[in-house]
>>> print(open('data10.pdb').read())   # PDB, C-alpha atoms and all ligand atoms
ATOM      1  CA  MET C  12     -21.576 -10.141  18.728
ATOM      2  CA  PRO C  13     -18.431  -9.335  16.696
ATOM      3  CA  ALA C  14     -15.587  -7.540  18.419
ATOM      4  CA  GLN C  15     -15.366  -3.773  18.628
ATOM      5  CA  LEU C  16     -12.647  -2.380  16.408
ATOM      6  CA  ILE C  17      -9.859  -0.472  18.181
ATOM      7  CA  ASP C  18      -9.092   2.244  15.652
ATOM      8  CA  GLY C  19      -5.420   3.292  15.642
ATOM      9  CA  VAL C  20      -5.978   5.971  13.010
ATOM     10  CA  LEU C  21      -8.662   7.713  15.078
ATOM     11  CA  LEU C  22      -6.699   7.451  18.332
ATOM     12  CA  SER C  23      -3.582   8.766  16.574
ATOM     13  CA  LYS C  24      -5.536  11.761  15.320
ATOM     14  CA  GLN C  25      -6.780  12.532  18.835
ATOM     15  CA  LEU C  26      -3.340  12.146  20.438
ATOM     16  CA  ARG C  27      -1.644  14.193  17.704
ATOM     17  CA  GLU C  28      -3.968  17.129  18.459
ATOM     18  CA  ASP C  29      -2.652  17.182  22.032
ATOM     19  CA  ILE C  30       0.942  16.772  20.822
ATOM     20  CA  ALA C  31       0.496  19.717  18.420
ATOM     21  CA  ALA C  32      -0.815  21.904  21.265
ATOM     22  CA  ARG C  33       2.212  20.988  23.416
ATOM     23  CA  ALA C  34       4.554  21.685  20.481
ATOM     24  CA  ALA C  35       2.988  25.113  19.955
ATOM     25  CA  LYS C  36       3.570  25.973  23.631
ATOM     26  CA  LEU C  37       7.194  24.837  23.417
ATOM     27  CA  THR C  38       7.755  26.790  20.207
ATOM     28  CA  ALA C  39       6.334  29.913  21.851
ATOM     29  CA  ALA C  40       8.854  29.370  24.661
ATOM     30  CA  GLY C  41      11.685  29.162  22.090
ATOM     31  CA  LYS C  42      12.007  25.374  22.155
ATOM     32  CA  GLN C  43      10.390  23.935  19.029
ATOM     33  CA  PRO C  44      10.589  20.123  19.280
ATOM     34  CA  GLY C  45      13.082  18.718  16.778
ATOM     35  CA  LEU C  46      13.464  15.155  15.470
ATOM     36  CA  ALA C  47      16.365  13.809  13.391
ATOM     37  CA  VAL C  48      15.487  10.775  11.266
ATOM     38  CA  ILE C  49      18.348   8.779   9.778
ATOM     39  CA  LEU C  50      17.896   6.267   6.972
ATOM     40  CA  VAL C  51      20.770   4.159   5.661
ATOM     41  CA  GLY C  52      20.127   2.272   2.419
ATOM     42  CA  GLU C  53      17.177   1.914   0.063
ATOM     43  CA  ASP C  54      14.808  -0.505   1.816
ATOM     44  CA  PRO C  55      11.458   0.454   0.205
ATOM     45  CA  ALA C  56       9.322   0.009   3.340
ATOM     46  CA  SER C  57      11.809   2.022   5.436
ATOM     47  CA  GLN C  58      11.700   4.831   2.869
ATOM     48  CA  VAL C  59       7.922   5.037   3.319
ATOM     49  CA  TYR C  60       8.180   4.971   7.123
ATOM     50  CA  VAL C  61      10.779   7.763   7.316
ATOM     51  CA  ARG C  62       8.776   9.873   4.874
ATOM     52  CA  ASN C  63       5.686   9.384   7.028
ATOM     53  CA  LYS C  64       7.630  10.298  10.169
ATOM     54  CA  VAL C  65       8.902  13.535   8.661
ATOM     55  CA  LYS C  66       5.418  14.404   7.391
ATOM     56  CA  ALA C  67       3.926  13.673  10.824
ATOM     57  CA  CYS C  68       6.504  16.028  12.394
ATOM     58  CA  GLY C  69       5.404  18.824  10.054
ATOM     59  CA  ASP C  70       1.735  18.148  10.834
ATOM     60  CA  VAL C  71       2.234  18.670  14.585
ATOM     61  CA  GLY C  72       4.600  21.654  14.244
ATOM     62  CA  PHE C  73       7.954  19.957  14.910
ATOM     63  CA  HIS C  74      11.216  20.805  13.245
ATOM     64  CA  SER C  75      12.647  17.690  11.554
ATOM     65  CA  VAL C  76      15.691  16.684   9.565
ATOM     66  CA  LEU C  77      15.841  13.640   7.348
ATOM     67  CA  GLU C  78      19.351  12.343   6.690
ATOM     68  CA  LYS C  79      19.494   9.714   3.951
ATOM     69  CA  TYR C  80      22.696   7.785   3.312
ATOM     70  CA  GLU C  81      23.800   5.227   0.749
ATOM     71  CA  ALA C  82      23.775   1.583   1.888
ATOM     72  CA  ASP C  83      27.600   1.521   1.958
ATOM     73  CA  LEU C  84      27.881   4.271   4.612
ATOM     74  CA  SER C  85      30.497   3.152   7.141
ATOM     75  CA  GLU C  86      29.556   2.419  10.739
ATOM     76  CA  ALA C  87      32.123   5.008  11.894
ATOM     77  CA  ALA C  88      30.561   7.721   9.716
ATOM     78  CA  LEU C  89      27.112   6.941  11.119
ATOM     79  CA  LEU C  90      28.427   7.076  14.701
ATOM     80  CA  ASP C  91      30.014  10.477  13.905
ATOM     81  CA  ARG C  92      26.659  11.830  12.692
ATOM     82  CA  ILE C  93      24.950  10.611  15.854
ATOM     83  CA  ALA C  94      27.636  12.238  18.015
ATOM     84  CA  ALA C  95      26.966  15.566  16.265
ATOM     85  CA  LEU C  96      23.180  15.253  16.675
ATOM     86  CA  ASN C  97      23.617  14.370  20.370
ATOM     87  CA  VAL C  98      24.917  17.917  20.977
ATOM     88  CA  ASP C  99      22.668  19.741  18.506
ATOM     89  CA  PRO C 100      20.375  21.965  20.628
ATOM     90  CA  ALA C 101      17.646  22.018  17.939
ATOM     91  CA  ILE C 102      17.289  18.219  18.092
ATOM     92  CA  HIS C 103      15.389  16.500  20.937
ATOM     93  CA  GLY C 104      15.008  13.081  19.392
ATOM     94  CA  ILE C 105      17.230  10.918  17.200
ATOM     95  CA  LEU C 106      15.748   8.007  15.289
ATOM     96  CA  VAL C 107      17.800   5.600  13.205
ATOM     97  CA  GLN C 108      15.417   3.624  11.007
ATOM     98  CA  MET C 109      15.750  -0.162  11.368
ATOM     99  CA  PRO C 110      16.812  -2.448   9.831
ATOM    100  CA  LEU C 111      20.337  -1.216   9.107
ATOM    101  CA  PRO C 112      22.585  -2.722   6.404
ATOM    102  CA  LYS C 113      24.364  -5.900   7.565
ATOM    103  CA  HIS C 114      27.818  -4.293   7.998
ATOM    104  CA  ILE C 115      26.508  -1.902  10.678
ATOM    105  CA  ASP C 116      26.022  -3.191  14.225
ATOM    106  CA  PRO C 117      22.592  -1.907  15.347
ATOM    107  CA  SER C 118      23.422  -2.125  19.044
ATOM    108  CA  LYS C 119      26.516   0.071  18.620
ATOM    109  CA  VAL C 120      24.372   2.620  16.820
ATOM    110  CA  ILE C 121      21.554   2.520  19.374
ATOM    111  CA  GLU C 122      23.964   2.837  22.310
ATOM    112  CA  ALA C 123      25.626   5.862  20.635
ATOM    113  CA  ILE C 124      22.391   7.861  20.902
ATOM    114  CA  SER C 125      22.220  10.022  24.029
ATOM    115  CA  THR C 126      19.615   8.549  26.428
ATOM    116  CA  ALA C 127      17.975  11.990  26.624
ATOM    117  CA  LYS C 128      17.314  11.821  22.851
ATOM    118  CA  ASP C 129      16.562   8.076  22.570
ATOM    119  CA  VAL C 130      12.945   8.613  21.494
ATOM    120  CA  ASP C 131      12.818   5.066  20.079
ATOM    121  CA  GLY C 132      13.487   3.796  23.611
ATOM    122  CA  TYR C 133      15.768   1.085  22.216
ATOM    123  CA  SER C 134      18.954   1.599  24.274
ATOM    124  CA  VAL C 135      20.024  -0.558  27.207
ATOM    125  CA  LEU C 136      19.607   2.439  29.538
ATOM    126  CA  SER C 137      16.080   3.132  28.262
ATOM    127  CA  ALA C 138      15.251  -0.573  28.711
ATOM    128  CA  GLY C 139      16.593  -0.371  32.269
ATOM    129  CA  GLU C 140      14.484   2.717  32.962
ATOM    130  CA  LEU C 141      11.413   0.880  31.747
ATOM    131  CA  MET C 142      12.269  -2.194  33.798
ATOM    132  CA  THR C 143      12.727  -0.178  37.010
ATOM    133  CA  GLY C 144       9.847   2.237  36.405
ATOM    134  CA  LEU C 145      12.139   5.269  36.049
ATOM    135  CA  GLU C 146      11.258   8.192  33.801
ATOM    136  CA  GLY C 147      12.500   7.391  30.290
ATOM    137  CA  PHE C 148      11.293   6.767  26.771
ATOM    138  CA  ARG C 149       9.110   3.722  26.128
ATOM    139  CA  PRO C 150       9.611   1.913  22.779
ATOM    140  CA  CYS C 151       6.984   3.341  20.443
ATOM    141  CA  THR C 152       5.185   0.181  19.302
ATOM    142  CA  PRO C 153       4.468  -1.354  22.736
ATOM    143  CA  TYR C 154       3.725   2.121  24.126
ATOM    144  CA  GLY C 155       1.166   2.535  21.326
ATOM    145  CA  CYS C 156      -0.339  -0.876  22.136
ATOM    146  CA  MET C 157      -0.892   0.251  25.737
ATOM    147  CA  LYS C 158      -2.693   3.384  24.518
ATOM    148  CA  LEU C 159      -4.892   1.227  22.263
ATOM    149  CA  ILE C 160      -5.755  -1.075  25.192
ATOM    150  CA  GLU C 161      -6.583   1.995  27.346
ATOM    151  CA  THR C 162      -9.333   2.995  24.890
ATOM    152  CA  THR C 163     -11.324  -0.115  25.862
ATOM    153  CA  GLY C 164     -11.716   1.339  29.377
ATOM    154  CA  ILE C 165     -10.781  -2.054  30.855
ATOM    155  CA  ASP C 166      -8.528  -1.914  33.918
ATOM    156  CA  LEU C 167      -5.640  -4.348  33.480
ATOM    157  CA  ARG C 168      -5.165  -4.928  37.232
ATOM    158  CA  GLY C 169      -5.332  -8.655  37.888
ATOM    159  CA  LYS C 170      -6.010  -9.461  34.218
ATOM    160  CA  HIS C 171      -4.013 -12.158  32.453
ATOM    161  CA  ALA C 172      -2.060 -10.803  29.490
ATOM    162  CA  VAL C 173      -0.279 -13.049  27.004
ATOM    163  CA  VAL C 174       2.371 -11.571  24.728
ATOM    164  CA  ILE C 175       3.366 -13.700  21.738
ATOM    165  CA  GLY C 176       6.936 -12.788  20.760
ATOM    166  CA  ARG C 177      10.033 -11.883  22.768
ATOM    167  CA  SER C 178      11.873  -9.293  20.662
ATOM    168  CA  ASN C 179      13.818  -6.570  22.466
ATOM    169  CA  THR C 180      11.836  -3.859  20.676
ATOM    170  CA  VAL C 181       8.278  -5.189  21.073
ATOM    171  CA  GLY C 182       7.677  -8.430  23.020
ATOM    172  CA  LYS C 183       9.878  -7.821  26.062
ATOM    173  CA  PRO C 184       8.995  -4.115  26.593
ATOM    174  CA  MET C 185       5.318  -4.981  26.004
ATOM    175  CA  GLY C 186       5.522  -7.483  28.842
ATOM    176  CA  MET C 187       7.059  -4.849  31.130
ATOM    177  CA  LEU C 188       4.389  -2.244  30.313
ATOM    178  CA  LEU C 189       1.598  -4.737  30.969
ATOM    179  CA  LEU C 190       3.272  -5.692  34.241
ATOM    180  CA  GLN C 191       3.444  -2.013  35.234
ATOM    181  CA  ALA C 192      -0.305  -1.842  34.593
ATOM    182  CA  ASN C 193      -0.662  -4.665  37.160
ATOM    183  CA  ALA C 194      -1.533  -7.425  34.696
ATOM    184  CA  THR C 195      -0.279 -10.976  35.209
ATOM    185  CA  VAL C 196       1.969 -11.480  32.204
ATOM    186  CA  THR C 197       2.968 -14.539  30.207
ATOM    187  CA  ILE C 198       5.445 -14.174  27.351
ATOM    188  CA  CYS C 199       5.177 -16.934  24.731
ATOM    189  CA  HIS C 200       7.722 -17.540  21.969
ATOM    190  CA  SER C 201       8.910 -20.001  19.343
ATOM    191  CA  ALA C 202       9.788 -22.633  21.958
ATOM    192  CA  THR C 203       6.450 -22.405  23.815
ATOM    193  CA  ALA C 204       5.050 -25.939  23.864
ATOM    194  CA  ASP C 205       1.334 -25.254  23.472
ATOM    195  CA  LEU C 206       0.619 -21.649  22.498
ATOM    196  CA  GLY C 207      -3.166 -22.109  22.483
ATOM    197  CA  TYR C 208      -3.113 -23.419  26.080
ATOM    198  CA  HIS C 209      -1.739 -20.015  27.183
ATOM    199  CA  THR C 210      -3.729 -17.735  24.874
ATOM    200  CA  ARG C 211      -7.047 -19.403  25.785
ATOM    201  CA  GLN C 212      -6.548 -18.194  29.377
ATOM    202  CA  ALA C 213      -5.763 -14.624  28.379
ATOM    203  CA  ASP C 214      -7.892 -11.526  28.903
ATOM    204  CA  VAL C 215      -5.454  -9.601  26.684
ATOM    205  CA  ILE C 216      -3.384 -11.035  23.822
ATOM    206  CA  VAL C 217      -0.652  -9.080  22.035
ATOM    207  CA  ALA C 218       0.577 -10.913  18.920
ATOM    208  CA  ALA C 219       4.033  -9.775  17.801
ATOM    209  CA  VAL C 220       5.777 -12.582  15.964
ATOM    210  CA  GLY C 221       5.658 -11.589  12.291
ATOM    211  CA  ARG C 222       3.861 -14.716  11.067
ATOM    212  CA  ARG C 223       0.315 -14.584   9.744
ATOM    213  CA  ASN C 224      -2.445 -16.740  11.245
ATOM    214  CA  THR C 225      -0.411 -17.267  14.425
ATOM    215  CA  LEU C 226      -3.564 -16.570  16.450
ATOM    216  CA  THR C 227      -6.804 -18.213  15.329
ATOM    217  CA  ALA C 228     -10.326 -18.086  16.791
ATOM    218  CA  ASP C 229      -9.991 -21.424  18.645
ATOM    219  CA  MET C 230      -7.045 -19.929  20.604
ATOM    220  CA  VAL C 231      -9.002 -16.964  22.019
ATOM    221  CA  LYS C 232     -11.192 -16.735  25.137
ATOM    222  CA  PRO C 233     -14.551 -15.081  24.404
ATOM    223  CA  GLY C 234     -14.403 -11.400  25.404
ATOM    224  CA  ALA C 235     -10.620 -11.020  25.148
ATOM    225  CA  ILE C 236      -8.786  -7.914  23.902
ATOM    226  CA  VAL C 237      -6.601  -8.763  20.895
ATOM    227  CA  ILE C 238      -3.799  -6.453  19.727
ATOM    228  CA  ASP C 239      -2.105  -7.336  16.443
ATOM    229  CA  VAL C 240       1.440  -5.994  15.958
ATOM    230  CA  GLY C 241       2.191  -8.171  12.904
ATOM    231  CA  MET C 242       2.898  -6.757   9.442
ATOM    232  CA  ASN C 243       2.845  -9.556   6.894
ATOM    233  CA  ARG C 244       1.618 -10.141   3.358
ATOM    234  CA  ASP C 245      -1.027 -12.735   2.468
ATOM    235  CA  ASP C 246      -0.908 -14.874  -0.700
ATOM    236  CA  ALA C 247      -2.484 -12.047  -2.687
ATOM    237  CA  GLY C 248       0.180  -9.622  -1.426
ATOM    238  CA  LYS C 249      -2.293  -7.823   0.851
ATOM    239  CA  LEU C 250      -1.039  -6.461   4.178
ATOM    240  CA  CYS C 251      -2.141  -8.592   7.145
ATOM    241  CA  GLY C 252      -1.186  -9.101  10.772
ATOM    242  CA  ASP C 253      -0.364 -12.140  12.921
ATOM    243  CA  VAL C 254      -4.028 -12.657  13.805
ATOM    244  CA  ASP C 255      -6.690 -14.385  11.689
ATOM    245  CA  PHE C 256      -8.795 -11.233  11.888
ATOM    246  CA  ASP C 257     -12.012 -12.589  10.334
ATOM    247  CA  GLY C 258     -12.131 -15.573  12.679
ATOM    248  CA  VAL C 259     -10.899 -13.898  15.874
ATOM    249  CA  LYS C 260     -13.237 -10.883  15.581
ATOM    250  CA  GLU C 261     -16.168 -13.272  16.145
ATOM    251  CA  VAL C 262     -14.771 -14.322  19.549
ATOM    252  CA  ALA C 263     -12.870 -11.332  20.964
ATOM    253  CA  ALA C 264     -14.538  -8.269  22.510
ATOM    254  CA  HIS C 265     -11.980  -5.765  21.145
ATOM    255  CA  ILE C 266      -9.527  -6.160  18.274
ATOM    256  CA  THR C 267      -7.076  -4.004  16.305
ATOM    257  CA  PRO C 268      -7.085  -4.210  12.501
ATOM    258  CA  VAL C 269      -4.049  -4.393  10.209
ATOM    259  CA  PRO C 270      -3.645  -1.903   8.621
ATOM    260  CA  GLY C 271      -5.057   0.875  10.794
ATOM    261  CA  GLY C 272      -4.297  -0.434  14.278
ATOM    262  CA  VAL C 273      -0.847  -0.543  15.858
ATOM    263  CA  GLY C 274       1.089   0.827  12.815
ATOM    264  CA  PRO C 275      -0.120   4.435  12.965
ATOM    265  CA  MET C 276       0.353   4.432  16.746
ATOM    266  CA  THR C 277       4.064   3.641  16.347
ATOM    267  CA  ILE C 278       4.597   7.012  14.662
ATOM    268  CA  THR C 279       2.273   8.824  17.078
ATOM    269  CA  MET C 280       4.207   7.567  20.101
ATOM    270  CA  LEU C 281       7.441   8.699  18.453
ATOM    271  CA  LEU C 282       5.951  12.205  18.300
ATOM    272  CA  GLN C 283       4.816  11.850  21.913
ATOM    273  CA  ASN C 284       8.332  10.867  23.067
ATOM    274  CA  THR C 285       9.872  13.743  21.091
ATOM    275  CA  VAL C 286       7.570  16.402  22.546
ATOM    276  CA  GLU C 287       8.245  14.930  25.984
ATOM    277  CA  SER C 288      11.987  15.179  25.358
ATOM    278  CA  ALA C 289      11.707  18.862  24.408
ATOM    279  CA  GLU C 290       9.575  19.531  27.505
ATOM    280  CA  ARG C 291      12.162  17.869  29.750
ATOM    281  CA  GLU C 292      14.901  19.946  28.143
ATOM    282  CA  LEU C 293      12.960  23.170  28.744
ATOM    283  CA  ALA C 294      12.242  22.186  32.359
ATOM    284  CA  LYS C 295      15.985  21.636  32.942
ATOM    285  CA  GLN C 296      16.726  25.158  31.736
ATOM    286  CA  ARG C 297      14.177  26.783  34.039
TER     287      ARG C 297
HETATM  288  N1  LIG C 301      13.925   2.963  14.456
HETATM  289  C1  LIG C 301      12.804   2.251  14.243
HETATM  290  N2  LIG C 301      12.761   1.376  13.230
HETATM  291  C2  LIG C 301      11.609   0.659  13.040
HETATM  292  C3  LIG C 301      10.473   0.857  13.868
HETATM  293  C4  LIG C 301      10.566   1.782  14.933
HETATM  294  O1  LIG C 301       9.632   1.975  15.747
HETATM  295  N3  LIG C 301      11.750   2.465  15.082
HETATM  296  N4  LIG C 301       9.279   0.182  13.604
HETATM  297  C5  LIG C 301       9.114  -0.539  12.369
HETATM  298  C6  LIG C 301       8.584   0.244  11.209
HETATM  299  N5  LIG C 301       7.733   1.399  11.517
HETATM  300  C7  LIG C 301       8.319   2.521  11.983
HETATM  301  O2  LIG C 301       9.463   2.776  11.834
HETATM  302  C8  LIG C 301       6.362   1.431  11.137
HETATM  303  C9  LIG C 301       5.719   0.328  10.629
HETATM  304  C10 LIG C 301       4.387   0.426  10.198
HETATM  305  C11 LIG C 301       3.702   1.605  10.278
HETATM  306  C12 LIG C 301       2.316   1.764   9.765
HETATM  307  O3  LIG C 301       1.736   2.820   9.896
HETATM  308  N6  LIG C 301       1.730   0.749   9.142
HETATM  309  C13 LIG C 301       0.448   0.873   8.522
HETATM  310  C14 LIG C 301       0.446   0.163   7.177
HETATM  311  C15 LIG C 301       1.470   0.695   6.240
HETATM  312  C16 LIG C 301       1.402   0.023   4.861
HETATM  313  O4  LIG C 301       0.357   0.080   4.239
HETATM  314  O5  LIG C 301       2.438  -0.542   4.462
HETATM  315  C17 LIG C 301      -0.628   0.242   9.391
HETATM  316  O6  LIG C 301      -0.344  -0.746  10.092
HETATM  317  O7  LIG C 301      -1.751   0.735   9.332
HETATM  318  C18 LIG C 301       4.337   2.703  10.793
HETATM  319  C19 LIG C 301       5.652   2.615  11.214
HETATM  320  C20 LIG C 301      10.444  -1.136  11.899
HETATM  321  N7  LIG C 301      11.531  -0.232  12.022
END
>>> encode(input="data10.pdb", output="structure tokens")
Amino acid sequence: MPAQLIDGVLLSKQLREDIAARAAKLTAAGKQPGLAVILVGEDPASQVYVRNKVKACGDVGFHSVLEKYEADLSEAALLDRIAALNVDPAIHGILVQMPLPKHIDPSKVIEAISTAKDVDGYSVLSAGELMTGLEGFRPCTPYGCMKLIETTGIDLRGKHAVVIGRSNTVGKPMGMLLLQANATVTICHSATADLGYHTRQADVIVAAVGRRNTLTADMVKPGAIVIDVGMNRDDAGKLCGDVDFDGVKEVAAHITPVPGGVGPMTITMLLQNTVESAERELAKQR
């Protein structure tokens, strides 16, 4: 039997209803959630993502500001803008769209964002909070993957999860979240000797390398959950993930599509972190 599709668009819709209800409560209490989105340069994909983020904010009743800067904006000027947003009481989350132009050091920018407003969960402090299980913001893409896995109803305790990819923004935090859910976690990467040896033992596979056809049907245990974080183009220019979807869906029990799987959840979890940030701020004042 082919795998069941894990629908990120449907789950996003459901979660956004709850986020909108929380935003309405906060607004009634005088604390409308606010997100600042900063884009530097003209990367076409980034322009679409920031537009979608601002639209999503409007849909759930958030206040948002979109600050767009030319690609030659200096690093110092960007850090100044972040410093101002850090103390802006109408802003509960600050998101700097990645990638940044080459002359700007992304880690300097990320570390300049106040941890209380780091709704991307990218800073060293946020990573430390995740690692130690402290309250903090989880990076949106892996956080969204966990929500997608939850919809299967399968308890991860004692399950073997294999993450393919070790980036600071997806692979590593994904491993930590799976570990927190009591899975046994293996992180594979470009130097892994025999990727299929590991993935064939996995109950859950998260593919996050950015290379299409990284995971094929022969590499998957029947009944596994497969989450595809990849965003690539095939030879015809069509969007595709890291997983050979048509082959793997015949073996796995649950699988996310690309598009329509992890992508929409990335924006939903950004909204979730922002509403959470506003709620924490209100709780501090009470
Ligand atoms: N500061 C950040 N920068 C970037 C992040 C991030 O989380 N924070 N993630 C990615 C891009 N990204 C959000 O910013 C993102 C990527 C993809 C999608 C999405 O909905 N994809 C759709 C397909 C879209 C298409 O047709 O092109 C899908 O998969 O269904 C949303 C957000 C890098 N930068």
>>> resolve_selection(input="data10.pdb", expression="the PyMOL selection byres (((chain C and resi 224) around 6) and not hetatm)", output="ChimeraX atom specification")
/C:223,225-226,253-255
>>> closest_residue(input="data10.pdb", among="C:Gly45, C:Pro13, C:Gly274, C:Gly182", to="Asn63 of chain C", atoms="all atoms listed in the file")
C:Gly274
>>> residues_around(input="data10.pdb", residues="Lys24 of chain C", least_positions_apart="2", cutoff="12 Å", atoms="only C-alpha atoms", output="NGL selection string")
:C and (18-22 or 26-31 or 67 or 70-71 or 271 or 275-276 or 278-280 or 282)
>>> closest_residue(input="data10.pdb", among="C:Val120, C:Ala101, C:Ala263, C:Ala247", to="ligand LIG 301 (chain C)", atoms="only C-alpha atoms and all ligand atoms")
C:Val120
>>> closest_atom_pairs(input="data10.pdb", of="chain C", to="ligand LIG 301 (chain C)", cutoff="6 Å", atoms="all atoms listed in the file", output="Markdown table")
| residue | atom | partner | partner_atom | distance |
| --- | --- | --- | --- | --- |
| C:Tyr60 | CA | C:LIG301 | O2 | 5.4 |
| C:Leu106 | CA | C:LIG301 | N1 | 5.4 |
| C:Val107 | CA | C:LIG301 | N1 | 4.9 |
| C:Gln108 | CA | C:LIG301 | N1 | 3.8 |
| C:Met109 | CA | C:LIG301 | N2 | 3.8 |
| C:Asp131 | CA | C:LIG301 | N3 | 5.7 |
| C:Cys151 | CA | C:LIG301 | O1 | 5.6 |
| C:Thr152 | CA | C:LIG301 | O1 | 6.0 |
| C:Val269 | CA | C:LIG301 | O6 | 5.2 |
| C:Pro270 | CA | C:LIG301 | O7 | 3.3 |
| C:Gly271 | CA | C:LIG301 | O7 | 3.6 |
| C:Gly272 | CA | C:LIG301 | O7 | 5.7 |
| C:Val273 | CA | C:LIG301 | O6 | 5.8 |
| C:Gly274 | CA | C:LIG301 | C12 | 3.4 |
| C:Pro275 | CA | C:LIG301 | O3 | 3.9 |
| C:Thr277 | CA | C:LIG301 | C19 | 5.5 |
| C:Ile278 | CA | C:LIG301 | C19 | 5.7 |
>>> atom_distance(input="data10.pdb", atom1="atom CA of Phe73 of chain C", atom2="atom CA of Thr285 of chain C")
9.0 Å
>>> atom_distance(input="data10.pdb", atom1="atom CA of His103 of chain C", atom2="atom CA of Gln58 of chain C")
21.8 Å
>>> atom_distance(input="data10.pdb", atom1="atom CA of Met230 of chain C", atom2="atom CA of Pro150 of chain C")
27.6 Å
>>> residues_around(input="data10.pdb", residues="His114 of chain C", least_positions_apart="3", cutoff="9 Å", atoms="all atoms listed in the file", output="list in words")
Asp83, Ser85, Glu86 and Leu111 of chain C
>>> closest_residue(input="data10.pdb", among="C:Val98, C:Ala264, C:Ile105, C:Ala87", to="Lys119 of chain C", atoms="only C-alpha atoms")
C:Ala87
>>> resolve_selection(input="data10.pdb", expression="the PyMOL selection byres (((chain C and resi 210) around 12) and not hetatm)", output="PyMOL selection string")
chain C and resi 171-175+196-200+203+205-209+211-218+225-233+235-237+263
>>> axis_aligned_box(input="data10.pdb", around="segment 246-258 of chain C", padding_each_side="3 Å", output="AutoDock Vina command-line options")
--center_x -6.0 --center_y -11.0 --center_z 5.6 --size_x 18.3 --size_y 15.1 --size_z 22.5
>>> closest_residue(input="data10.pdb", among="C:Arg149, C:Lys249, C:Arg222, C:His265", to="Gly132 of chain C", atoms="all atoms listed in the file")
C:Arg149
>>> closest_residue(input="data10.pdb", among="C:Gly258, C:Gly41, C:Gly52, C:Gly221", to="Leu84 of chain C", atoms="all atoms listed in the file")
C:Gly52
>>> resolve_selection(input="data10.pdb", expression="the PyMOL selection byres (((chain C and resi 189) around 10) and not hetatm)", output="list in words")
Pro153, Tyr154, Cys156, Met157, Leu167, Arg168, Lys170, His171, Ala172, Val173, Val174, Pro184, Met185, Gly186, Met187, Leu188, Leu190, Gln191, Ala192, Asn193, Ala194, Thr195, Val196, Thr197 and Val215 of chain C
